[in-house]
$ cat work_26.pdb   # PDB, C-alpha atoms and all ligand atoms
ATOM      1  CA  MET A   3     -22.902  48.113 -64.778  1.00  0.00           C
ATOM      2  CA  LYS A   4     -23.358  45.636 -67.599  1.00  0.00           C
ATOM      3  CA  ASN A   5     -22.152  46.660 -71.032  1.00  0.00           C
ATOM      4  CA  GLN A   6     -24.752  47.028 -73.757  1.00  0.00           C
ATOM      5  CA  PRO A   7     -24.826  44.057 -76.130  1.00  0.00           C
ATOM      6  CA  TYR A   8     -23.530  44.638 -79.649  1.00  0.00           C
ATOM      7  CA  ARG A   9     -26.579  44.568 -81.924  1.00  0.00           C
ATOM      8  CA  ILE A  10     -26.322  42.926 -85.321  1.00  0.00           C
ATOM      9  CA  VAL A  11     -28.971  42.208 -87.945  1.00  0.00           C
ATOM     10  CA  PHE A  12     -28.648  40.136 -91.127  1.00  0.00           C
ATOM     11  CA  VAL A  13     -30.859  41.217 -94.018  1.00  0.00           C
ATOM     12  CA  CYS A  14     -31.964  39.596 -97.290  1.00  0.00           C
ATOM     13  CA  LEU A  15     -35.067  39.922 -99.476  1.00  0.00           C
ATOM     14  CA  GLY A  16     -37.564  37.425 -98.060  1.00  0.00           C
ATOM     15  CA  ASN A  17     -36.043  36.642 -94.630  1.00  0.00           C
ATOM     16  CA  ILE A  18     -36.753  32.970 -95.253  1.00  0.00           C
ATOM     17  CA  CYS A  19     -33.472  31.695 -96.765  1.00  0.00           C
ATOM     18  CA  ARG A  20     -30.185  33.568 -96.522  1.00  0.00           C
ATOM     19  CA  SER A  21     -30.555  35.909 -93.546  1.00  0.00           C
ATOM     20  CA  PRO A  22     -32.226  33.335 -91.261  1.00  0.00           C
ATOM     21  CA  LEU A  23     -29.268  31.054 -91.966  1.00  0.00           C
ATOM     22  CA  ALA A  24     -26.796  33.836 -91.126  1.00  0.00           C
ATOM     23  CA  GLU A  25     -28.723  34.600 -87.920  1.00  0.00           C
ATOM     24  CA  GLY A  26     -28.774  30.916 -86.949  1.00  0.00           C
ATOM     25  CA  VAL A  27     -25.110  30.257 -87.745  1.00  0.00           C
ATOM     26  CA  PHE A  28     -23.892  33.414 -85.992  1.00  0.00           C
ATOM     27  CA  ARG A  29     -26.047  32.662 -82.949  1.00  0.00           C
ATOM     28  CA  HIS A  30     -24.646  29.113 -82.881  1.00  0.00           C
ATOM     29  CA  LEU A  31     -21.025  30.336 -83.043  1.00  0.00           C
ATOM     30  CA  VAL A  32     -21.642  32.987 -80.377  1.00  0.00           C
ATOM     31  CA  LYS A  33     -23.145  30.349 -78.079  1.00  0.00           C
ATOM     32  CA  GLU A  34     -20.241  27.969 -78.672  1.00  0.00           C
ATOM     33  CA  ALA A  35     -17.841  30.782 -77.764  1.00  0.00           C
ATOM     34  CA  GLY A  36     -19.825  31.548 -74.567  1.00  0.00           C
ATOM     35  CA  LEU A  37     -20.448  35.131 -75.723  1.00  0.00           C
ATOM     36  CA  GLU A  38     -24.267  35.186 -75.663  1.00  0.00           C
ATOM     37  CA  GLU A  39     -24.365  38.123 -73.251  1.00  0.00           C
ATOM     38  CA  ARG A  40     -22.368  40.253 -75.627  1.00  0.00           C
ATOM     39  CA  PHE A  41     -24.547  40.061 -78.745  1.00  0.00           C
ATOM     40  CA  GLU A  42     -28.114  40.723 -79.784  1.00  0.00           C
ATOM     41  CA  ILE A  43     -28.693  38.924 -83.092  1.00  0.00           C
ATOM     42  CA  ALA A  44     -31.592  39.238 -85.536  1.00  0.00           C
ATOM     43  CA  SER A  45     -32.516  38.968 -89.208  1.00  0.00           C
ATOM     44  CA  ALA A  46     -35.033  40.642 -91.506  1.00  0.00           C
ATOM     45  CA  GLY A  47     -36.165  40.895 -95.125  1.00  0.00           C
ATOM     46  CA  THR A  48     -36.598  44.084 -97.129  1.00  0.00           C
ATOM     47  CA  GLY A  49     -39.803  42.533 -98.561  1.00  0.00           C
ATOM     48  CA  GLY A  50     -42.866  41.767 -96.467  1.00  0.00           C
ATOM     49  CA  TRP A  51     -44.317  38.721 -98.290  1.00  0.00           C
ATOM     50  CA  HIS A  52     -43.215  36.119 -95.742  1.00  0.00           C
ATOM     51  CA  VAL A  53     -43.658  38.028 -92.464  1.00  0.00           C
ATOM     52  CA  GLY A  54     -44.508  35.628 -89.624  1.00  0.00           C
ATOM     53  CA  GLU A  55     -43.416  32.526 -91.548  1.00  0.00           C
ATOM     54  CA  PRO A  56     -40.660  30.121 -90.495  1.00  0.00           C
ATOM     55  CA  PRO A  57     -37.605  29.824 -92.777  1.00  0.00           C
ATOM     56  CA  ASP A  58     -37.815  27.847 -96.020  1.00  0.00           C
ATOM     57  CA  ARG A  59     -37.832  24.094 -95.265  1.00  0.00           C
ATOM     58  CA  ARG A  60     -34.865  23.448 -97.522  1.00  0.00           C
ATOM     59  CA  MET A  61     -32.801  26.002 -95.613  1.00  0.00           C
ATOM     60  CA  THR A  62     -33.958  24.684 -92.238  1.00  0.00           C
ATOM     61  CA  ARG A  63     -32.899  21.173 -93.307  1.00  0.00           C
ATOM     62  CA  THR A  64     -29.541  22.354 -94.644  1.00  0.00           C
ATOM     63  CA  ALA A  65     -28.852  24.169 -91.379  1.00  0.00           C
ATOM     64  CA  ALA A  66     -29.983  21.192 -89.239  1.00  0.00           C
ATOM     65  CA  LYS A  67     -27.635  18.906 -91.169  1.00  0.00           C
ATOM     66  CA  ASN A  68     -24.859  21.193 -89.913  1.00  0.00           C
ATOM     67  CA  GLY A  69     -26.076  21.362 -86.307  1.00  0.00           C
ATOM     68  CA  VAL A  70     -27.813  24.759 -86.585  1.00  0.00           C
ATOM     69  CA  ASP A  71     -31.454  25.174 -85.490  1.00  0.00           C
ATOM     70  CA  LEU A  72     -33.588  27.666 -87.439  1.00  0.00           C
ATOM     71  CA  SER A  73     -36.945  26.274 -86.337  1.00  0.00           C
ATOM     72  CA  LYS A  74     -37.812  29.037 -83.867  1.00  0.00           C
ATOM     73  CA  GLN A  75     -37.225  31.897 -86.284  1.00  0.00           C
ATOM     74  CA  ARG A  76     -40.072  33.871 -87.875  1.00  0.00           C
ATOM     75  CA  ALA A  77     -39.700  36.336 -90.735  1.00  0.00           C
ATOM     76  CA  GLN A  78     -39.907  40.079 -90.091  1.00  0.00           C
ATOM     77  CA  GLN A  79     -39.596  43.063 -92.394  1.00  0.00           C
ATOM     78  CA  PHE A  80     -36.709  45.531 -92.218  1.00  0.00           C
ATOM     79  CA  LYS A  81     -37.863  48.924 -90.896  1.00  0.00           C
ATOM     80  CA  ALA A  82     -36.255  52.373 -91.085  1.00  0.00           C
ATOM     81  CA  HIS A  83     -35.745  52.498 -87.304  1.00  0.00           C
ATOM     82  CA  PHE A  84     -33.411  49.475 -87.495  1.00  0.00           C
ATOM     83  CA  LEU A  85     -30.721  51.933 -88.582  1.00  0.00           C
ATOM     84  CA  ASP A  86     -30.939  53.528 -85.188  1.00  0.00           C
ATOM     85  CA  ARG A  87     -31.334  50.312 -83.216  1.00  0.00           C
ATOM     86  CA  TYR A  88     -28.536  48.144 -84.641  1.00  0.00           C
ATOM     87  CA  ASP A  89     -24.765  48.611 -84.550  1.00  0.00           C
ATOM     88  CA  LEU A  90     -24.113  46.559 -87.683  1.00  0.00           C
ATOM     89  CA  ILE A  91     -26.568  45.849 -90.523  1.00  0.00           C
ATOM     90  CA  LEU A  92     -25.390  43.278 -93.054  1.00  0.00           C
ATOM     91  CA  GLY A  93     -27.072  42.847 -96.440  1.00  0.00           C
ATOM     92  CA  MET A  94     -26.630  39.519 -98.182  1.00  0.00           C
ATOM     93  CA  ASP A  95     -26.432  41.145-101.617  1.00  0.00           C
ATOM     94  CA  ARG A  96     -26.152  44.625-103.104  1.00  0.00           C
ATOM     95  CA  SER A  97     -29.864  44.942-103.835  1.00  0.00           C
ATOM     96  CA  ASN A  98     -30.549  44.265-100.143  1.00  0.00           C
ATOM     97  CA  VAL A  99     -28.191  47.110 -99.217  1.00  0.00           C
ATOM     98  CA  ASP A 100     -29.822  49.445-101.780  1.00  0.00           C
ATOM     99  CA  ASN A 101     -33.315  48.510-100.588  1.00  0.00           C
ATOM    100  CA  MET A 102     -32.403  49.127 -96.943  1.00  0.00           C
ATOM    101  CA  LEU A 103     -31.038  52.566 -97.713  1.00  0.00           C
ATOM    102  CA  MET A 104     -34.191  53.321 -99.687  1.00  0.00           C
ATOM    103  CA  ILE A 105     -36.452  52.173 -96.823  1.00  0.00           C
ATOM    104  CA  ALA A 106     -34.352  54.186 -94.371  1.00  0.00           C
ATOM    105  CA  GLY A 107     -34.562  57.230 -96.622  1.00  0.00           C
ATOM    106  CA  ALA A 108     -30.796  57.773 -96.684  1.00  0.00           C
ATOM    107  CA  GLY A 109     -29.844  60.451 -99.189  1.00  0.00           C
ATOM    108  CA  ASP A 110     -26.629  61.048-101.109  1.00  0.00           C
ATOM    109  CA  GLU A 111     -24.961  62.336 -98.004  1.00  0.00           C
ATOM    110  CA  LEU A 112     -24.768  59.157 -95.985  1.00  0.00           C
ATOM    111  CA  ASP A 113     -25.148  59.914 -92.331  1.00  0.00           C
ATOM    112  CA  ALA A 114     -23.401  57.978 -89.579  1.00  0.00           C
ATOM    113  CA  ASP A 115     -26.209  55.428 -89.229  1.00  0.00           C
ATOM    114  CA  ALA A 116     -26.174  54.560 -92.947  1.00  0.00           C
ATOM    115  CA  GLN A 117     -22.512  53.597 -92.591  1.00  0.00           C
ATOM    116  CA  LYS A 118     -23.588  50.724 -90.372  1.00  0.00           C
ATOM    117  CA  VAL A 119     -25.048  49.119 -93.513  1.00  0.00           C
ATOM    118  CA  ARG A 120     -22.481  46.821 -95.123  1.00  0.00           C
ATOM    119  CA  LEU A 121     -22.313  43.786 -97.357  1.00  0.00           C
ATOM    120  CA  PHE A 122     -22.188  40.566 -95.333  1.00  0.00           C
ATOM    121  CA  ARG A 123     -19.427  39.180 -97.544  1.00  0.00           C
ATOM    122  CA  ASP A 124     -17.183  42.140 -96.715  1.00  0.00           C
ATOM    123  CA  PHE A 125     -16.341  39.780 -93.828  1.00  0.00           C
ATOM    124  CA  ASP A 126     -15.782  36.705 -96.041  1.00  0.00           C
ATOM    125  CA  PRO A 127     -12.074  35.762 -96.269  1.00  0.00           C
ATOM    126  CA  SER A 128     -12.891  34.546 -99.839  1.00  0.00           C
ATOM    127  CA  PRO A 129     -15.459  37.187-100.817  1.00  0.00           C
ATOM    128  CA  GLY A 130     -15.917  36.218-104.482  1.00  0.00           C
ATOM    129  CA  ASN A 131     -18.279  38.753-106.062  1.00  0.00           C
ATOM    130  CA  GLY A 132     -19.279  40.020-102.600  1.00  0.00           C
ATOM    131  CA  GLU A 133     -22.828  38.658-102.676  1.00  0.00           C
ATOM    132  CA  VAL A 134     -24.623  35.639-101.216  1.00  0.00           C
ATOM    133  CA  PRO A 135     -26.701  34.269-104.124  1.00  0.00           C
ATOM    134  CA  ASP A 136     -30.394  33.640-103.520  1.00  0.00           C
ATOM    135  CA  PRO A 137     -30.811  29.831-103.449  1.00  0.00           C
ATOM    136  CA  TYR A 138     -34.635  30.047-103.507  1.00  0.00           C
ATOM    137  CA  TYR A 139     -35.171  28.956-107.129  1.00  0.00           C
ATOM    138  CA  GLY A 140     -32.228  26.545-107.270  1.00  0.00           C
ATOM    139  CA  ASP A 141     -31.427  23.010-106.120  1.00  0.00           C
ATOM    140  CA  GLN A 142     -29.886  21.518-102.955  1.00  0.00           C
ATOM    141  CA  GLN A 143     -26.352  22.250-104.163  1.00  0.00           C
ATOM    142  CA  GLY A 144     -27.178  25.958-104.047  1.00  0.00           C
ATOM    143  CA  PHE A 145     -28.290  25.660-100.410  1.00  0.00           C
ATOM    144  CA  ASP A 146     -25.104  23.775 -99.488  1.00  0.00           C
ATOM    145  CA  GLU A 147     -22.949  26.415-101.178  1.00  0.00           C
ATOM    146  CA  VAL A 148     -24.768  29.200 -99.337  1.00  0.00           C
ATOM    147  CA  TYR A 149     -24.241  27.342 -96.053  1.00  0.00           C
ATOM    148  CA  ALA A 150     -20.463  27.053 -96.648  1.00  0.00           C
ATOM    149  CA  MET A 151     -20.229  30.744 -97.539  1.00  0.00           C
ATOM    150  CA  VAL A 152     -22.321  31.890 -94.573  1.00  0.00           C
ATOM    151  CA  ASN A 153     -20.499  29.638 -92.088  1.00  0.00           C
ATOM    152  CA  ARG A 154     -17.054  30.847 -93.178  1.00  0.00           C
ATOM    153  CA  THR A 155     -18.150  34.483 -93.156  1.00  0.00           C
ATOM    154  CA  CYS A 156     -19.832  34.260 -89.730  1.00  0.00           C
ATOM    155  CA  LYS A 157     -16.693  32.701 -88.222  1.00  0.00           C
ATOM    156  CA  ASN A 158     -14.558  35.540 -89.538  1.00  0.00           C
ATOM    157  CA  LEU A 159     -17.139  38.127 -88.475  1.00  0.00           C
ATOM    158  CA  LEU A 160     -17.123  36.815 -84.908  1.00  0.00           C
ATOM    159  CA  GLU A 161     -13.314  36.811 -84.848  1.00  0.00           C
ATOM    160  CA  GLN A 162     -13.338  40.471 -85.870  1.00  0.00           C
ATOM    161  CA  LEU A 163     -16.059  41.537 -83.435  1.00  0.00           C
ATOM    162  CA  ARG A 164     -15.096  39.604 -80.325  1.00  0.00           C
ATOM    163  CA  ASP A 165     -12.147  41.769 -79.261  1.00  0.00           C
TER     164      ASP A 165
HETATM  165  P1  LIG B 201     -34.170  35.166 -99.246  1.00  0.00           P
HETATM  166  O1  LIG B 201     -34.800  34.377-100.488  1.00  0.00           O
HETATM  167  O2  LIG B 201     -34.097  36.620 -99.637  1.00  0.00           O
HETATM  168  O3  LIG B 201     -32.810  34.563 -99.113  1.00  0.00           O
HETATM  169  O4  LIG B 201     -35.078  34.914 -98.077  1.00  0.00           O
HETATM  170  C1  LIG B 201     -36.055  34.717-101.016  1.00  0.00           C
HETATM  171  C2  LIG B 201     -37.155  33.992-100.667  1.00  0.00           C
HETATM  172  C3  LIG B 201     -38.392  34.313-101.194  1.00  0.00           C
HETATM  173  C4  LIG B 201     -38.523  35.368-102.061  1.00  0.00           C
HETATM  174  C5  LIG B 201     -37.423  36.109-102.414  1.00  0.00           C
HETATM  175  C6  LIG B 201     -36.175  35.770-101.877  1.00  0.00           C
HETATM  176  N1  LIG B 201     -39.778  35.693-102.613  1.00  0.00           N
HETATM  177  O5  LIG B 201     -39.846  36.583-103.463  1.00  0.00           O
HETATM  178  O6  LIG B 201     -40.786  35.095-102.233  1.00  0.00           O
END
$ encode --input "work_26.pdb" --output "structure tokens"
Amino acid sequence: MKNQPYRIVFVCLGNICRSPLAEGVFRHLVKEAGLEERFEIASAGTGGWHVGEPPDRRMTRTAAKNGVDLSKQRAQQFKAHFLDRYDLILGMDRSNVDNMLMIAGAGDELDADAQKVRLFRDFDPSPGNGEVPDPYYGDQQGFDEVYAMVNRTCKNLLEQLRD
């Protein structure tokens, strides 16, 4: 019998900049490694403003420049049942993590599912302040920096999960 795929979801606020990039980069690395059967990969935003929209053009261009295609992605909102569905739920910053736990209704006593919620940069070999900054209101340099951070973190994440 086939093993269940490992289910991972990347989460930010709008699901049009940071988490679509993480989804795209991780998907790209998984494909390169020939491990597509082993992972189910998604992204979501804790806010619903951009549901159904493609990623921000600036992020799509930044990804394309690095060989990563985001064009088929469409934004979706994080839902409480994701806690049950996914094996690993990675927030791009601390407010994303807080918002997810709020949406999921996790109380002070974190149950097993809430422990699946982690900061994405927990997997960054150079984690800095632990957060991926929102590049939305910044310039191209901000998008390039986010790409470098996300690429490095996704590589390390895949190394840790593949065995
Ligand atoms: P993201 O960036 O969380 O990286 O997708 C944002 C994009 C749009 C908004 C917030 C964050 N917004 O409020 O519209």
$ residues_around --input "work_26.pdb" --residues "Pro129 of chain A" --least-positions-apart "2" --cutoff "12 Å" --atoms "all atoms listed in the file" --output "VMD selection string"
chain A and resid 94 to 95 121 to 127 131 to 134 151 to 152 154 to 155 158
$ residues_around --input "work_26.pdb" --residues "Lys81 of chain A" --least-positions-apart "4" --cutoff "10 Å" --atoms "only C-alpha atoms" --output "list in words"
Ala46, Gly47, Thr48, Leu85, Met102, Ile105 and Ala106 of chain A
$ resolve_selection --input "work_26.pdb" --expression "the PyMOL selection byres (((chain A and resi 30) around 12) and not hetatm)" --output "short mmCIF file (atom, residue, chain, number, x, y, z; two decimals) with C-alpha atoms, keeping the file's coordinate frame"
data_model
loop_
_atom_site.label_atom_id
_atom_site.label_comp_id
_atom_site.auth_asym_id
_atom_site.auth_seq_id
_atom_site.Cartn_x
_atom_site.Cartn_y
_atom_site.Cartn_z
CA LEU A 23 -29.27 31.05 -91.97
CA ALA A 24 -26.80 33.84 -91.13
CA GLU A 25 -28.72 34.60 -87.92
CA GLY A 26 -28.77 30.92 -86.95
CA VAL A 27 -25.11 30.26 -87.74
CA PHE A 28 -23.89 33.41 -85.99
CA ARG A 29 -26.05 32.66 -82.95
CA LEU A 31 -21.02 30.34 -83.04
CA VAL A 32 -21.64 32.99 -80.38
CA LYS A 33 -23.14 30.35 -78.08
CA GLU A 34 -20.24 27.97 -78.67
CA ALA A 35 -17.84 30.78 -77.76
CA GLY A 36 -19.82 31.55 -74.57
CA LEU A 37 -20.45 35.13 -75.72
CA GLU A 38 -24.27 35.19 -75.66
CA PHE A 41 -24.55 40.06 -78.74
CA ILE A 43 -28.69 38.92 -83.09
CA ALA A 65 -28.85 24.17 -91.38
CA ALA A 66 -29.98 21.19 -89.24
CA ASN A 68 -24.86 21.19 -89.91
CA GLY A 69 -26.08 21.36 -86.31
CA VAL A 70 -27.81 24.76 -86.58
CA ASP A 71 -31.45 25.17 -85.49
CA LEU A 72 -33.59 27.67 -87.44
CA ASN A 153 -20.50 29.64 -92.09
CA CYS A 156 -19.83 34.26 -89.73
CA LYS A 157 -16.69 32.70 -88.22
CA LEU A 160 -17.12 36.82 -84.91
#
$ residues_near_ligand --input "work_26.pdb" --ligand "ligand LIG 201 (chain B)" --cutoff "8 Å" --atoms "only C-alpha atoms and all ligand atoms" --output "list in words"
Val13, Cys14, Leu15, Gly16, Asn17, Ile18, Cys19, Arg20, Ser21, Pro22, Gly47, Gly49, Trp51, His52, Pro57, Asp58, Met94, Pro135, Asp136, Pro137 and Tyr138 of chain A
$ atom_distance --input "work_26.pdb" --atom1 "atom CA of Asp89 of chain A" --atom2 "atom CA of Pro56 of chain A"
25.1 Å
$ atom_distance --input "work_26.pdb" --atom1 "atom CA of Glu161 of chain A" --atom2 "atom CA of Gln142 of chain A"
28.9 Å
$ atom_distance --input "work_26.pdb" --atom1 "atom CA of Gln162 of chain A" --atom2 "atom CA of Pro7 of chain A"
15.5 Å
$ residues_around --input "work_26.pdb" --residues "Glu42 of chain A" --least-positions-apart "3" --cutoff "7 Å" --atoms "all atoms listed in the file" --output "ChimeraX atom specification"
/A:7-10
$ resolve_selection --input "work_26.pdb" --expression "the PyMOL selection byres (((chain A and resi 53) around 7) and not hetatm)" --output "PyMOL selection string"
chain A and resi 50-52+54-55+77-79
$ residues_around --input "work_26.pdb" --residues "Arg120 of chain A" --least-positions-apart "3" --cutoff "8 Å" --atoms "all atoms listed in the file" --output "tab-separated table (two decimals) with C-alpha atoms, keeping the file's coordinate frame"
chain	number	residue	atom	x	y	z
A	90	LEU	CA	-24.11	46.56	-87.68
A	91	ILE	CA	-26.57	45.85	-90.52
A	92	LEU	CA	-25.39	43.28	-93.05
A	93	GLY	CA	-27.07	42.85	-96.44
A	99	VAL	CA	-28.19	47.11	-99.22
A	117	GLN	CA	-22.51	53.60	-92.59
A	124	ASP	CA	-17.18	42.14	-96.72
$ closest_residue --input "work_26.pdb" --among "A:Met61, A:Val148, A:Leu103, A:Ala44" --to "Lys118 of chain A" --atoms "all atoms listed in the file"
A:Leu103
$ decode --input "work_26.pdb" --residues "segment 69-99 of chain A" --atoms "N, CA and C atoms" --output "PDB file, in the first residue's frame"
ATOM      1  N   GLY A  69      13.543  30.816 -11.505  1.00  0.00           N
ATOM      2  CA  GLY A  69      13.125  29.523 -12.054  1.00  0.00           C
ATOM      3  C   GLY A  69      11.938  28.875 -11.348  1.00  0.00           C
ATOM      4  N   VAL A  70      11.179  29.669 -10.580  1.00  0.00           N
ATOM      5  CA  VAL A  70      10.053  29.116  -9.811  1.00  0.00           C
ATOM      6  C   VAL A  70       8.746  29.722 -10.331  1.00  0.00           C
ATOM      7  N   ASP A  71       7.790  28.854 -10.690  1.00  0.00           N
ATOM      8  CA  ASP A  71       6.531  29.295 -11.291  1.00  0.00           C
ATOM      9  C   ASP A  71       5.427  29.410 -10.236  1.00  0.00           C
ATOM     10  N   LEU A  72       4.899  30.612 -10.051  1.00  0.00           N
ATOM     11  CA  LEU A  72       3.792  30.799  -9.100  1.00  0.00           C
ATOM     12  C   LEU A  72       2.472  31.044  -9.824  1.00  0.00           C
ATOM     13  N   SER A  73       2.500  31.011 -11.169  1.00  0.00           N
ATOM     14  CA  SER A  73       1.370  31.540 -11.929  1.00  0.00           C
ATOM     15  C   SER A  73       0.069  30.750 -11.744  1.00  0.00           C
ATOM     16  N   LYS A  74       0.169  29.489 -11.343  1.00  0.00           N
ATOM     17  CA  LYS A  74      -1.060  28.697 -11.224  1.00  0.00           C
ATOM     18  C   LYS A  74      -1.681  28.773  -9.834  1.00  0.00           C
ATOM     19  N   GLN A  75      -1.019  29.444  -8.925  1.00  0.00           N
ATOM     20  CA  GLN A  75      -1.539  29.516  -7.554  1.00  0.00           C
ATOM     21  C   GLN A  75      -2.678  30.524  -7.432  1.00  0.00           C
ATOM     22  N   ARG A  76      -3.615  30.219  -6.520  1.00  0.00           N
ATOM     23  CA  ARG A  76      -4.705  31.154  -6.202  1.00  0.00           C
ATOM     24  C   ARG A  76      -4.853  31.199  -4.688  1.00  0.00           C
ATOM     25  N   ALA A  77      -5.090  32.405  -4.166  1.00  0.00           N
ATOM     26  CA  ALA A  77      -5.118  32.575  -2.709  1.00  0.00           C
ATOM     27  C   ALA A  77      -6.314  31.876  -2.074  1.00  0.00           C
ATOM     28  N   GLN A  78      -6.083  31.285  -0.913  1.00  0.00           N
ATOM     29  CA  GLN A  78      -7.163  30.711  -0.100  1.00  0.00           C
ATOM     30  C   GLN A  78      -6.953  31.143   1.346  1.00  0.00           C
ATOM     31  N   GLN A  79      -8.044  31.076   2.114  1.00  0.00           N
ATOM     32  CA  GLN A  79      -7.958  31.482   3.517  1.00  0.00           C
ATOM     33  C   GLN A  79      -7.742  30.269   4.412  1.00  0.00           C
ATOM     34  N   PHE A  80      -6.896  30.456   5.427  1.00  0.00           N
ATOM     35  CA  PHE A  80      -6.644  29.409   6.420  1.00  0.00           C
ATOM     36  C   PHE A  80      -7.934  29.109   7.188  1.00  0.00           C
ATOM     37  N   LYS A  81      -8.235  27.827   7.361  1.00  0.00           N
ATOM     38  CA  LYS A  81      -9.448  27.422   8.087  1.00  0.00           C
ATOM     39  C   LYS A  81      -9.074  26.516   9.269  1.00  0.00           C
ATOM     40  N   ALA A  82      -9.929  26.513  10.280  1.00  0.00           N
ATOM     41  CA  ALA A  82      -9.655  25.748  11.504  1.00  0.00           C
ATOM     42  C   ALA A  82      -9.347  24.274  11.204  1.00  0.00           C
ATOM     43  N   HIS A  83     -10.032  23.707  10.217  1.00  0.00           N
ATOM     44  CA  HIS A  83      -9.839  22.268   9.945  1.00  0.00           C
ATOM     45  C   HIS A  83      -8.464  21.938   9.360  1.00  0.00           C
ATOM     46  N   PHE A  84      -7.707  22.982   8.953  1.00  0.00           N
ATOM     47  CA  PHE A  84      -6.355  22.732   8.439  1.00  0.00           C
ATOM     48  C   PHE A  84      -5.487  22.086   9.525  1.00  0.00           C
ATOM     49  N   LEU A  85      -5.796  22.380  10.775  1.00  0.00           N
ATOM     50  CA  LEU A  85      -5.017  21.818  11.880  1.00  0.00           C
ATOM     51  C   LEU A  85      -5.105  20.301  11.889  1.00  0.00           C
ATOM     52  N   ASP A  86      -6.252  19.808  11.479  1.00  0.00           N
ATOM     53  CA  ASP A  86      -6.471  18.384  11.430  1.00  0.00           C
ATOM     54  C   ASP A  86      -5.835  17.797  10.166  1.00  0.00           C
ATOM     55  N   ARG A  87      -5.977  18.538   9.065  1.00  0.00           N
ATOM     56  CA  ARG A  87      -5.589  18.013   7.759  1.00  0.00           C
ATOM     57  C   ARG A  87      -4.071  17.939   7.549  1.00  0.00           C
ATOM     58  N   TYR A  88      -3.353  18.964   8.025  1.00  0.00           N
ATOM     59  CA  TYR A  88      -1.921  19.061   7.700  1.00  0.00           C
ATOM     60  C   TYR A  88      -1.036  18.498   8.802  1.00  0.00           C
ATOM     61  N   ASP A  89       0.140  18.017   8.399  1.00  0.00           N
ATOM     62  CA  ASP A  89       1.118  17.490   9.355  1.00  0.00           C
ATOM     63  C   ASP A  89       2.029  18.588   9.893  1.00  0.00           C
ATOM     64  N   LEU A  90       2.253  19.616   9.061  1.00  0.00           N
ATOM     65  CA  LEU A  90       3.126  20.716   9.465  1.00  0.00           C
ATOM     66  C   LEU A  90       2.550  22.016   8.900  1.00  0.00           C
ATOM     67  N   ILE A  91       2.424  23.026   9.772  1.00  0.00           N
ATOM     68  CA  ILE A  91       1.756  24.283   9.415  1.00  0.00           C
ATOM     69  C   ILE A  91       2.721  25.404   9.772  1.00  0.00           C
ATOM     70  N   LEU A  92       3.282  26.061   8.742  1.00  0.00           N
ATOM     71  CA  LEU A  92       4.375  26.998   9.003  1.00  0.00           C
ATOM     72  C   LEU A  92       3.957  28.435   8.757  1.00  0.00           C
ATOM     73  N   GLY A  93       3.953  29.234   9.821  1.00  0.00           N
ATOM     74  CA  GLY A  93       3.627  30.662   9.712  1.00  0.00           C
ATOM     75  C   GLY A  93       4.869  31.461   9.354  1.00  0.00           C
ATOM     76  N   MET A  94       4.695  32.448   8.483  1.00  0.00           N
ATOM     77  CA  MET A  94       5.846  33.235   8.052  1.00  0.00           C
ATOM     78  C   MET A  94       6.283  34.241   9.109  1.00  0.00           C
ATOM     79  N   ASP A  95       5.361  34.679   9.960  1.00  0.00           N
ATOM     80  CA  ASP A  95       5.765  35.522  11.092  1.00  0.00           C
ATOM     81  C   ASP A  95       4.927  35.164  12.318  1.00  0.00           C
ATOM     82  N   ARG A  96       5.252  35.800  13.436  1.00  0.00           N
ATOM     83  CA  ARG A  96       4.587  35.420  14.697  1.00  0.00           C
ATOM     84  C   ARG A  96       3.106  35.790  14.703  1.00  0.00           C
ATOM     85  N   SER A  97       2.754  36.880  14.025  1.00  0.00           N
ATOM     86  CA  SER A  97       1.324  37.231  14.002  1.00  0.00           C
ATOM     87  C   SER A  97       0.539  36.190  13.206  1.00  0.00           C
ATOM     88  N   ASN A  98       1.162  35.619  12.180  1.00  0.00           N
ATOM     89  CA  ASN A  98       0.494  34.543  11.425  1.00  0.00           C
ATOM     90  C   ASN A  98       0.222  33.349  12.330  1.00  0.00           C
ATOM     91  N   VAL A  99       1.211  33.004  13.154  1.00  0.00           N
ATOM     92  CA  VAL A  99       1.058  31.870  14.080  1.00  0.00           C
ATOM     93  C   VAL A  99      -0.060  32.180  15.081  1.00  0.00           C
TER      94      VAL A  99
END
